[in-house]
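As structure tokens, the structure follows; a few thoughts come after it.
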Amino acid sequence: MVEKVGIIVYNIHLKFSLIFLEMIYMKTIGVLTSGGDAPGMNAAVRAVVRTAISLGMNVKGIKRGYNGLIDGDIFDLDVRSVSDIIHRGGTVLFTARSPRFKEEEGMQAAVANCKKFGIDGIVVIGGDGSYRGARDLSLRGIPCVGIPGTIDNDIASTDYTLGFDTAMNTVLEMVDKLRDTCQSHDRCSVVEVMGRRAGHVALQCGIAVGATAIMVPEVESNLEEVIAKIEDTRKTGKEHFVIMVAEGVGGVEEMAKKIEEKTGIETRATILGHVQRGGNPTVRDRVRATQMGYAAVQLLSKGIGNRVIAIKNNKIVDYDIFEALNMTKPLDMEMYEIANITSI
Ligand code: ADP
Ligand code: F6P
């Protein structure tokens with residue numbers, strides 16, 4: 001008799017525990033990449049899929065960012081679906097900028113598809129525009145966790161965004177090649193690099209290529225000062241010059257003309273463009289992507305959404321998505337100063 005009562009109590013306890021677990025834990029999560037593609041996005045997708053499956057969850061891939069969510073372009077992913085992608089640039093999930101998702105109608109269609117496909121939470125890999133989308137989805141009852149993916153490193157909540165290292169190494173390789181020609185012809189090369197409204201790529205790459213001057217949107221630019229620097233360094237024996245310009249400053253063709261006019265040094269402008277977005281991710285991007293994918297799924301598996309993954313002081317951390325979107329990230333002015341001093 002005592003034994004029977006014990007079994008009944010045990011079964012009731014088990015049943016309630018299971019209901020409780022179902023309430024907390026997500027059965028199925030989705031993953032999407034959004035905004036500009038960035039090397040390391042694939043490594044993050046792989047980590048999301050494998051971590052989720054190891055925790056007993058199902059994973060659905062959502063194609064072309066928020067567009068796929070609106071259109072129901074959603075498919076099952078298993079551990080082998082993400083084989084052979086850790087080393088590849090771009091994103092196997094495709095990506096898009098989705099104006100439709102900024103409208104209430106688009107968001108409602110996305111929420112309806114989450115219900116239809118049984119998606120309980122989503123990992124969003126992208127830039128701060130994508131984070132705003134994740135915030136809006138979270139507000140409509142679909143918990144999201146953001147992973148920072150953009151070559152620009154311009155997401156305020158994190159020290160590092162996936163793709164930044166790979167893009168900078170691409171810039172380095174390209175400018176090293178330009179430098180060969182500059183050296184051979186005693187020329188000046190004015191190079192525009194990406195970064196949207198931020199100068200992080202230009203600053204770090206400017207230091208790494210030994211640029212004579214670096215122009216970033218965060219610091220008021222003055223071409224006269226750049227020309228004066230070229231002249232000063234020429235007096236001490238410098239024969240060729242690289243001027244690194246962030247796209248947020250722009251105008252490299254015009255600058256090249258003025259530099260040539262004023263200094264008499266043959267000058268060419270080069271806009272590196274979208275080569276900076278592609279290519280195999282570096283070790284840093286693959287490892288960080290793997291850690292971030294793992295961390296994002298750990299949160300969702302505990303029923304925690306509305307967060308973004310970040311790197312602070314070399315550690316993986318997470319923040320509330322609203323808090324993250326209100327943060328600011330200034331350019332490293334000490335680094336800018338070091339660049340000025342070491343380029344004389
Ligand atoms: P990134 O994520 O690289 O910053 P975008 O700014 O283009 O790129 O944003 C990517 C997508 O995120 C947009 O096309 C849109 O679908 C969504 N998004 C951007 N801003 C918002 C917003 N304010 N509200 C809702 N969704 C947004
Ligand atoms: O955000 C990444 C980025 O490559 C920026 O550096 C650049 O301003 C923008 O995207 C270019 O966008 P698109 O691919 O639409 O030309």
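We label chains A, B, ... in the order they appear in the structure tokens, count residues from 1 in each chain, and number ligands from 1 in the order shown.
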Which residues are near Cys144 in chain A? Cut-off 10 Å, only C-alpha atoms, ignore same chain within fewer than 3 positions. Put them as a PyMOL selection string.
chain A and resi 29-31+120-124+131+133-139+141+147+296+299-300+304-308+321
Which residues of chain A come within 7 Å of ligand 1, and for each one, what is the closest pair of atoms and their distance in Å to one decimal, counting only C-alpha atoms and all ligand atoms, sorted by chain and residue number, as CSV?
residue,atom,partner,partner_atom_place_in_ligand_line,distance
A:Ser34,CA,ligand 1,10 (C),5.3
A:Gly35,CA,ligand 1,8 (O),3.5
A:Gly36,CA,ligand 1,3 (O),4.8
A:Tyr66,CA,ligand 1,16 (O),5.5
A:Ala96,CA,ligand 1,14 (O),6.4
A:Arg97,CA,ligand 1,14 (O),3.1
A:Ser98,CA,ligand 1,14 (O),3.5
A:Pro99,CA,ligand 1,14 (O),5.1
A:Arg100,CA,ligand 1,16 (O),6.7
A:Phe101,CA,ligand 1,16 (O),4.6
A:Lys102,CA,ligand 1,25 (C),4.2
A:Gly126,CA,ligand 1,2 (O),4.5
A:Gly127,CA,ligand 1,2 (O),3.2
A:Asp128,CA,ligand 1,4 (O),4.3
A:Gly129,CA,ligand 1,6 (O),3.4
A:Ser130,CA,ligand 1,12 (O),3.6
A:Tyr131,CA,ligand 1,2 (O),6.5
A:Arg132,CA,ligand 1,22 (C),4.7
A:Gly133,CA,ligand 1,26 (N),3.4
A:Asp136,CA,ligand 1,25 (C),6.0
A:Thr150,CA,ligand 1,3 (O),6.1
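Distances from A:Lys302, A:Lys63, A:Arg197, A:Lys238 to ligand 2 were compared using only C-alpha atoms and all ligand atoms, and the smallest one belongs to A:Arg197.
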Grab me every residue within 7 Å of ligand 2, counting only C-alpha atoms and all ligand atoms, and send it over as a PyMOL selection string.
chain A and resi 36+150-152+194-196+274+277
So that I can check the secondary structure, give me every residue of range 260-319 of chain A assigned helix (DSSP H, G or I) by backbone DSSP, as a VMD selection string.
chain A and resid 260 to 263 273 to 277 283 to 301
Check range 3-149 of chain A with DSSP on the backbone and list each residue it calls strand (DSSP E or B), as a ChimeraX atom specification.
/A:28-33,58-62,74-77,121-126,144-149
